[in-house]
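In what follows, a single structure is set out as structure tokens and then discussed.
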Amino acid sequence: MNQPKWLSASLAAGLVLSTALAGCVVVPDQRHYAAGVVMVAPPEPRVEVYGVAPSPGYVWLGGYWNWVGGRHVWVPGRWAPGRHGYHWVDHAWVRAGDGWRMHPGHWERG
């Protein structure tokens, strides 16, 4: 069975195009995120009901808005064992010029 030349050429062009596109890199939207600064203000924190600690010495690590995939995504709070001589400082979004920068939660002495 003879194949028309245009069919072979189309298949070859499709193969070349799909190979070239497989190497494409997607650049993040620079209008919303640049150099660790998010240009979209985080929503108000959610109210979490966390009840009683599962064991004595546990500390509530509050939930926070994280920047994932070009949008704010809520990360729920959780209970964690406390650290003697330390206290938990919650995640916080702070103004950075025209945008916002995340300061991650951490344990602080005192």
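Note on naming: chains are A, B, ... as they come in the structure tokens, residues start from 1 per chain, ligands start from 1 in the order shown.
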Practice problem: Identify, on the basis of only C-alpha atoms, every residue whose closest approach to Trp88 (chain A) does not exceed 7 Å; exclude the query and any residue fewer than 2 positions from it along the same chain; express the result as a ChimeraX atom specification. | Solution: /A:86,90,106-108
Exercise. Measure the distance from CA of Val52 (chain A) to CA of Trp93 (chain A) in Å and round it to one decimal.
Key: 27.1 Å
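In terms of minimum interatomic distance to Arg83 (chain A), A:Tyr58 ranks closest within A:Trp100, A:Tyr50, A:Tyr58, A:Trp67, counting only C-alpha atoms.
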Exercise. Write out as a PyMOL selection string which residues come within 12 Å of Gly97 (chain A) when counting only C-alpha atoms, dropping same-chain ones fewer than 3 positions away.
Key: chain A and resi 34+36-39+41+94+100-101
Quiz item: Smallest atom-to-atom distance to Pro76 (chain A): which of A:Met102, A:Ala92, A:Val49, A:Val40, using only C-alpha atoms?
Solution: A:Val49
